[in-house]
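Novice: Take this structure, written in structure tokens, and hold onto it; I'll ask about it next.
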There are 2 protein chains.
Amino acid sequence: MRTVEWIDDKLSLIDQRQLPWDLQSVTYEDYREVAEAIRVMVVRGAPAIGATAGFGMAIAAQQFSGSDRLGMIQHLEEAAEVLKAARPTAVNLMWAVDRLLRVATDEELTALDDIREAMLREAQRIADEDVEINKRMGEHGAALVKDGDTILHHCNTGSLATVDWGTALGVIRSAHAQGKQIHVLLDETRPRLQGSRLSAWELKEAGIPFDIIADNAAGHFMQRGEIDIVFVGSDRTAANGDVANKIGTYQVAVLARENGIPFYPVVPTSTIDLSLASGADIPIEERSPDEVRKPYGLALVPEDYPARNPAFDVTPQRYVTGIVTENGVVYPPFDLNLQRAVAGTR
Amino acid sequence: MRTVEWIDDKLSLIDQRQLPWDLQSVTYEDYREVAEAIRVMVVRGAPAIGATAGFGMAIAAQQFSGSDRLGMIQHLEEAAEVLKAARPTAVNLMWAVDRLLRVATDEELTALDDIREAMLREAQRIADEDVEINKRMGEHGAALVKDGDTILHHCNTGSLATVDWGTALGVIRSAHAQGKQIHVLLDETRPRLQGSRLSAWELKEAGIPFDIIADNAAGHFMQRGEIDIVFVGSDRTAANGDVANKIGTYQVAVLARENGIPFYPVVPTSTIDLSLASGADIPIEERSPDEVRKPYGLALVPEDYPARNPAFDVTPQRYVTGIVTENGVVYPPFDLNLQRAVAGTR
């Protein structure tokens, strides 16, 4: 079962808001509802959002009821705007939507049904590529893990954040599959608890030993020498190696460096944005304060207590030991070596 | 209304587990129940625990039904062990109990009722001194706050953590009382949410502007230049200036130094343990994983998910800008200057 899957002419998503309690899927036939699913985080995680948005564009093409090509392209450009606006930080949302738009505007395709078919094939290709890329990152990353290591992980970057397998959690899956004895400390990742709810659910299903910790405890375990290596994901990586990822990642990176622990973002090249010189210009989504006050409806504090809720932060490249991509592990100088890693896929 | 108060021959404690929803008090006439109240965190915060334990010893004296002095002292030594075992990290729990034991063993007192009376007076003195000490720390600390500052605060260190006014939150109260325009960012402080539940309740009551943030967001706001100064409490400070405090404090300290932001623990000299050369030997209480899984009964994750829950961490003195005591702000070299600050009260 994939997190993002095309089944019976519909898009099927695992509803991550129901986990770890229930494993439920929701199906979609309207691109606006797909955008809403991204916005309210039925689906989350940069690669999963990318694959979902690809299918969202394919759905938009199917929804077009007119007969002229120009009208269809105009309709698709509108759909692209709606989908891109759903989450401002995830770069492969933009990347996947643009990739589908390029197929739609391919001048060799003229019949509308041919365009529709090509778009669906392209969306499917993005999903399939994601799984293959994750497996390759898993191999490269697992080579960094030693038998007996305790790994710190932040947020969720597993099957549920991708189409299948995962990025940073994919590295953990690969290390476990290689027979390495590992133990994982999972930051619970407030406010939305992707670590304690989603990553914990995945590791439990996979039989990989773990403990959930409050985000406050990561530094303490590092200081005590109980963490050997850190793997995280990335929603957008700049050309210089600055990494935008789930709020709290920056703290983990600073603490890792302070304690001499290697810190590796696991980053499909589709999330590397070479057009951004540094992370300073990455827009940081600020989400509803209710995620802080009452996650999943569980009231931790009264509703009228003010709260702020930035969803991402930027880790400057000086805290990054190396970046695991599907084309190998990239080390400094990142400006040069990330360009090479990205070029390797083109 | 004080957090810890002697009313009608009974000890009255605000039940902090009910806040911010209900302001309720519980009364105690049995020292074993007082120890249990400390253990389950009806009352928490190092100075409040100290004052509570002082009254707990006075209650133990009243509970003794025999007639011989030696039997009473033996009974009090048993009570001292029970009270000290309730929370292993808080040094002024030990300090207050020992202070009451010294009164009990004062050879000038022979009549049991005289001992009982002297012990109650001493417990009351500890409580009254705490309020006075907090006001003095408030003045010293507030001098470090500039008009317009945004202050980061971790855990709860206010009226609820003390007898009244507070330590780090007392500094914030004093700065506000001086008419300084300040804004406070409150780390929610997982797992027990003392920041979002207790500190937020106090600041709301006091009319001091604040926002709650997830613990993950503190570094992000520092990095963006949105935090000017950090104040935290301390459960135990070693002779070299190492500070044991609520889990997450170490992370805040490292991030503050990394971003050039001053970091000040606010520390009554009763929590300075000159017998400890460094923080390395401070015992760190590991509490129930249920605090991570289901704080206040709110199930965030399934009950069988494994979790670890260290309640405190140690911040090495190299991250500490200065230590605010009732005898002034102490700067490095801490070994020398903390000794002087402690001597100033004796």
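Letters A, B, ... go to the chains of the structure tokens in the order shown; residues in each chain start at 1; ligands are counted from 1 in the same order.
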Should the cut-off be 8 Å, what would the residue list for chain B against chain A look like, counting only C-alpha atoms, as number ranges by chain?

Specialist: B: 20-21, 189-191, 196-197, 200, 210-217, 219-220, 247-251, 254-255, 258, 292, 298, 300-302, 305-310, 313-314

Novice: I'd like the neighbourhood of stretch 51-64 of chain B as a list in words, where a residue qualifies if any of its atoms comes within 7 Å (using only C-alpha atoms), though same-chain residues fewer than 6 positions away should be ignored.

Specialist: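 Non-adjacent residues within range: Val4, Leu11, Glu29, Asp30, Tyr31, Val34, Met72, Leu76, Ala79, Ala80, Leu83, Leu93, Ala96, Val97, Leu100, Arg116, Met119, Leu120, Ala123, Ile126 and Ala127 of chain B.
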
Novice: Restricting it to all heavy atoms, dump the selection as a compact mmCIF listing (two decimals), in the first residue's frame.

Specialist:
```
# COMPACT_ATOMS: atom_id res chain seq x y z
N VAL B 4 2.10 28.02 48.16
CA VAL B 4 2.36 27.17 49.32
C VAL B 4 2.03 28.02 50.54
O VAL B 4 2.66 29.05 50.75
CB VAL B 4 3.85 26.75 49.38
CG1 VAL B 4 4.12 25.87 50.59
CG2 VAL B 4 4.29 26.08 48.08
N LEU B 11 -1.44 22.64 55.74
CA LEU B 11 -0.70 23.11 54.57
C LEU B 11 -1.65 23.16 53.38
O LEU B 11 -2.33 22.18 53.08
CB LEU B 11 0.46 22.16 54.26
CG LEU B 11 1.23 22.45 52.97
CD1 LEU B 11 1.88 23.82 52.98
CD2 LEU B 11 2.27 21.35 52.71
N GLU B 29 -2.43 17.28 56.07
CA GLU B 29 -2.14 17.16 57.50
C GLU B 29 -1.28 15.93 57.77
O GLU B 29 -1.17 15.50 58.90
CB GLU B 29 -3.45 17.02 58.31
CG GLU B 29 -4.39 18.19 58.13
CD GLU B 29 -5.73 17.92 58.82
OE1 GLU B 29 -5.84 18.19 60.04
OE2 GLU B 29 -6.66 17.44 58.13
N ASP B 30 -0.72 15.33 56.71
CA ASP B 30 0.08 14.10 56.86
C ASP B 30 1.32 14.26 55.98
O ASP B 30 1.20 14.51 54.77
CB ASP B 30 -0.78 12.91 56.41
CG ASP B 30 -0.04 11.59 56.50
OD1 ASP B 30 1.22 11.59 56.54
OD2 ASP B 30 -0.71 10.54 56.50
N TYR B 31 2.50 14.10 56.57
CA TYR B 31 3.72 14.37 55.79
C TYR B 31 3.88 13.39 54.63
O TYR B 31 4.48 13.71 53.61
CB TYR B 31 4.96 14.35 56.70
CG TYR B 31 5.48 12.98 57.07
CD1 TYR B 31 6.34 12.27 56.22
CD2 TYR B 31 5.10 12.38 58.27
CE1 TYR B 31 6.80 11.00 56.56
CE2 TYR B 31 5.55 11.12 58.61
CZ TYR B 31 6.40 10.43 57.75
OH TYR B 31 6.85 9.19 58.07
N VAL B 34 2.13 14.81 51.87
CA VAL B 34 2.91 15.94 51.34
C VAL B 34 3.98 15.42 50.37
O VAL B 34 4.16 15.95 49.27
CB VAL B 34 3.55 16.75 52.49
CG1 VAL B 34 4.50 17.82 51.92
CG2 VAL B 34 2.48 17.40 53.36
N MET B 72 11.01 11.21 68.86
CA MET B 72 10.52 12.22 67.93
C MET B 72 11.56 12.50 66.85
O MET B 72 11.23 12.61 65.66
CB MET B 72 10.18 13.51 68.66
CG MET B 72 9.60 14.59 67.75
SD MET B 72 8.77 15.83 68.76
CE MET B 72 8.35 17.06 67.56
N LEU B 76 11.31 12.05 62.92
CA LEU B 76 11.55 13.15 61.97
C LEU B 76 12.61 12.76 60.93
O LEU B 76 12.53 13.18 59.77
CB LEU B 76 11.99 14.41 62.72
CG LEU B 76 10.88 15.11 63.51
CD1 LEU B 76 11.45 16.22 64.39
CD2 LEU B 76 9.81 15.68 62.56
N ALA B 79 10.80 10.81 58.41
CA ALA B 79 10.01 11.72 57.57
C ALA B 79 10.92 12.43 56.57
O ALA B 79 10.57 12.62 55.39
CB ALA B 79 9.27 12.74 58.43
N ALA B 80 12.12 12.81 57.03
CA ALA B 80 13.07 13.51 56.16
C ALA B 80 13.43 12.63 54.96
O ALA B 80 13.48 13.10 53.82
CB ALA B 80 14.32 13.88 56.95
N LEU B 83 10.47 12.49 52.50
CA LEU B 83 10.29 13.74 51.75
C LEU B 83 11.41 13.92 50.73
O LEU B 83 11.16 14.30 49.59
CB LEU B 83 10.25 14.93 52.72
CG LEU B 83 8.92 15.06 53.49
CD1 LEU B 83 9.10 15.96 54.72
CD2 LEU B 83 7.81 15.62 52.59
N LEU B 93 14.81 20.96 48.13
CA LEU B 93 14.07 19.97 48.90
C LEU B 93 14.98 19.45 50.02
O LEU B 93 14.60 19.46 51.21
CB LEU B 93 13.63 18.83 47.96
CG LEU B 93 13.04 17.56 48.55
CD1 LEU B 93 11.84 17.85 49.43
CD2 LEU B 93 12.62 16.62 47.42
N ALA B 96 15.80 22.39 52.58
CA ALA B 96 14.73 22.78 53.49
C ALA B 96 14.52 21.70 54.56
O ALA B 96 14.35 22.02 55.75
CB ALA B 96 13.43 23.01 52.71
N VAL B 97 14.56 20.44 54.15
CA VAL B 97 14.37 19.35 55.12
C VAL B 97 15.49 19.38 56.16
O VAL B 97 15.24 19.28 57.37
CB VAL B 97 14.32 18.00 54.37
CG1 VAL B 97 14.44 16.84 55.36
CG2 VAL B 97 13.02 17.88 53.57
N LEU B 100 15.04 22.15 58.66
CA LEU B 100 14.05 21.81 59.69
C LEU B 100 14.60 20.79 60.68
O LEU B 100 14.32 20.86 61.88
CB LEU B 100 12.76 21.28 59.03
CG LEU B 100 11.67 22.30 58.68
CD1 LEU B 100 10.91 22.73 59.95
CD2 LEU B 100 12.20 23.53 57.96
N ARG B 116 7.95 21.52 68.15
CA ARG B 116 6.92 21.63 67.10
C ARG B 116 6.72 23.09 66.69
O ARG B 116 6.66 23.41 65.50
CB ARG B 116 5.59 21.06 67.62
CG ARG B 116 5.60 19.56 67.81
CD ARG B 116 4.20 19.02 68.08
NE ARG B 116 4.24 17.56 68.26
CZ ARG B 116 4.27 16.94 69.44
NH1 ARG B 116 4.23 17.64 70.58
NH2 ARG B 116 4.33 15.62 69.50
N MET B 119 9.68 24.48 64.75
CA MET B 119 9.74 23.94 63.38
C MET B 119 8.72 24.63 62.47
O MET B 119 9.02 24.95 61.32
CB MET B 119 9.52 22.42 63.39
CG MET B 119 10.74 21.66 63.93
SD MET B 119 10.49 19.88 64.00
CE MET B 119 10.55 19.45 62.27
N LEU B 120 7.53 24.87 62.99
CA LEU B 120 6.53 25.55 62.17
C LEU B 120 6.98 26.97 61.84
O LEU B 120 6.83 27.45 60.71
CB LEU B 120 5.17 25.55 62.89
CG LEU B 120 4.02 26.17 62.09
CD1 LEU B 120 3.83 25.47 60.75
CD2 LEU B 120 2.71 26.12 62.89
N ALA B 123 9.57 26.76 59.11
CA ALA B 123 8.95 26.49 57.81
C ALA B 123 8.33 27.77 57.26
O ALA B 123 8.47 28.10 56.06
CB ALA B 123 7.90 25.39 57.93
N ILE B 126 11.04 30.01 55.94
CA ILE B 126 11.50 29.62 54.59
C ILE B 126 10.55 30.18 53.53
O ILE B 126 10.98 30.74 52.51
CB ILE B 126 11.60 28.07 54.48
CG1 ILE B 126 12.79 27.56 55.30
CG2 ILE B 126 11.73 27.64 53.02
CD1 ILE B 126 12.90 26.04 55.36
N ALA B 127 9.25 30.06 53.79
CA ALA B 127 8.26 30.55 52.81
C ALA B 127 8.36 32.07 52.66
O ALA B 127 8.38 32.59 51.53
CB ALA B 127 6.85 30.13 53.24
```

Novice: Do you have the atom CA of B:Ile14-atom CA of B:Arg136 distance handy?

Specialist: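 Taking atom CA of B:Ile14 as the start and atom CA of B:Arg136 as the end point, the length is 23.9 Å.
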
Novice: List the spatial neighbours of stretch 161-177 of chain A as a ChimeraX atom specification - criterion: any atom at most 8 Å away, only C-alpha atoms, same-chain residues fewer than 5 positions off excluded.

Specialist: /A:2-5,43-49,51,127-128,130-131,134-135,137-143,145,153,156,182,199,206,208,231-233,265-268

Novice: The selected residues should be written to file as a short mmCIF file (atom, residue, chain, number, x, y, z; two decimals), in the first residue's frame (atoms: N, CA and C atoms).

Specialist:
```cif
data_model
loop_
_atom_site.label_atom_id
_atom_site.label_comp_id
_atom_site.auth_asym_id
_atom_site.auth_seq_id
_atom_site.Cartn_x
_atom_site.Cartn_y
_atom_site.Cartn_z
N ARG A 2 0.70 2.07 -1.04
CA ARG A 2 1.47 3.31 -1.10
C ARG A 2 0.71 4.46 -0.43
N THR A 3 1.47 5.43 0.03
CA THR A 3 0.87 6.62 0.65
C THR A 3 0.08 7.42 -0.37
N VAL A 4 0.60 7.47 -1.59
CA VAL A 4 -0.01 8.22 -2.70
C VAL A 4 -0.14 7.22 -3.85
N GLU A 5 -1.36 6.92 -4.28
CA GLU A 5 -1.52 5.85 -5.27
C GLU A 5 -2.71 6.11 -6.18
N VAL A 43 -2.16 14.63 3.53
CA VAL A 43 -0.87 14.17 3.05
C VAL A 43 0.16 15.25 3.38
N ARG A 44 1.36 14.85 3.81
CA ARG A 44 2.43 15.81 4.09
C ARG A 44 3.75 15.12 3.84
N GLY A 45 4.82 15.91 3.91
CA GLY A 45 6.13 15.40 3.53
C GLY A 45 6.39 15.81 2.10
N ALA A 46 7.53 16.44 1.87
CA ALA A 46 7.77 17.06 0.57
C ALA A 46 7.59 16.09 -0.61
N PRO A 47 8.19 14.90 -0.60
CA PRO A 47 8.04 14.03 -1.78
C PRO A 47 6.59 13.56 -1.97
N ALA A 48 5.89 13.27 -0.88
CA ALA A 48 4.51 12.83 -1.00
C ALA A 48 3.64 13.96 -1.54
N ILE A 49 3.91 15.17 -1.11
CA ILE A 49 3.17 16.33 -1.62
C ILE A 49 3.43 16.48 -3.12
N ALA A 51 4.25 14.14 -5.36
CA ALA A 51 3.54 13.09 -6.11
C ALA A 51 2.04 13.37 -6.13
N ALA A 127 5.67 9.31 -9.18
CA ALA A 127 5.47 8.43 -8.02
C ALA A 127 6.44 7.25 -8.05
N ASP A 128 6.59 6.63 -9.20
CA ASP A 128 7.48 5.46 -9.29
C ASP A 128 8.94 5.86 -9.09
N ASP A 130 9.96 8.26 -7.33
CA ASP A 130 10.19 8.59 -5.92
C ASP A 130 10.60 7.34 -5.14
N VAL A 131 9.92 6.25 -5.38
CA VAL A 131 10.25 5.01 -4.65
C VAL A 131 11.66 4.57 -5.02
N ASN A 134 14.23 6.83 -3.41
CA ASN A 134 14.35 6.59 -1.97
C ASN A 134 15.20 5.36 -1.68
N LYS A 135 15.02 4.33 -2.48
CA LYS A 135 15.82 3.12 -2.27
C LYS A 135 17.31 3.43 -2.51
N MET A 137 18.78 6.43 -2.15
CA MET A 137 19.24 7.23 -1.00
C MET A 137 19.45 6.33 0.21
N GLY A 138 18.55 5.36 0.37
CA GLY A 138 18.66 4.43 1.49
C GLY A 138 20.00 3.71 1.48
N GLU A 139 20.41 3.24 0.31
CA GLU A 139 21.70 2.54 0.20
C GLU A 139 22.86 3.47 0.54
N HIS A 140 22.85 4.66 -0.07
CA HIS A 140 23.95 5.60 0.19
C HIS A 140 24.01 6.00 1.67
N GLY A 141 22.84 6.26 2.25
CA GLY A 141 22.80 6.70 3.65
C GLY A 141 23.17 5.59 4.62
N ALA A 142 22.68 4.38 4.33
CA ALA A 142 22.91 3.26 5.25
C ALA A 142 24.40 2.95 5.37
N ALA A 143 25.16 3.29 4.34
CA ALA A 143 26.61 3.06 4.41
C ALA A 143 27.26 3.92 5.49
N VAL A 145 25.90 4.32 8.46
CA VAL A 145 25.42 3.81 9.75
C VAL A 145 26.26 2.61 10.17
N HIS A 153 16.22 11.03 14.83
CA HIS A 153 15.41 11.37 13.66
C HIS A 153 14.37 12.41 14.06
N ASN A 156 8.61 13.28 10.37
CA ASN A 156 8.41 12.02 9.65
C ASN A 156 8.93 12.17 8.24
N ILE A 182 20.31 -1.39 15.05
CA ILE A 182 20.22 0.04 15.31
C ILE A 182 19.09 0.31 16.29
N SER A 199 6.20 8.53 12.42
CA SER A 199 7.45 7.76 12.38
C SER A 199 7.37 6.58 13.34
N ALA A 206 7.51 -1.81 11.04
CA ALA A 206 8.71 -2.39 10.42
C ALA A 206 9.54 -3.21 11.41
N ILE A 208 11.46 -2.05 13.84
CA ILE A 208 12.74 -1.40 14.12
C ILE A 208 12.66 -0.76 15.51
N PHE A 231 19.77 11.78 11.13
CA PHE A 231 19.23 11.89 9.77
C PHE A 231 17.91 12.65 9.82
N VAL A 232 17.77 13.62 8.92
CA VAL A 232 16.52 14.39 8.80
C VAL A 232 16.16 14.49 7.32
N GLY A 233 14.97 14.98 7.04
CA GLY A 233 14.56 15.23 5.67
C GLY A 233 14.83 16.67 5.28
N PRO A 265 21.11 15.63 6.29
CA PRO A 265 19.81 15.68 5.61
C PRO A 265 19.81 14.66 4.46
N VAL A 266 18.67 14.02 4.25
CA VAL A 266 18.50 13.06 3.17
C VAL A 266 17.54 13.69 2.17
N VAL A 267 18.04 13.96 0.98
CA VAL A 267 17.44 14.96 0.11
C VAL A 267 17.38 14.45 -1.34
N PRO A 268 16.20 14.10 -1.83
CA PRO A 268 16.13 13.81 -3.27
C PRO A 268 16.49 15.07 -4.05
#
```

Novice: Please indicate the distance in Å from atom CA of A:Ala253 to atom CA of A:Glu129, rounded to one decimal place.

Specialist: 28.9 Å
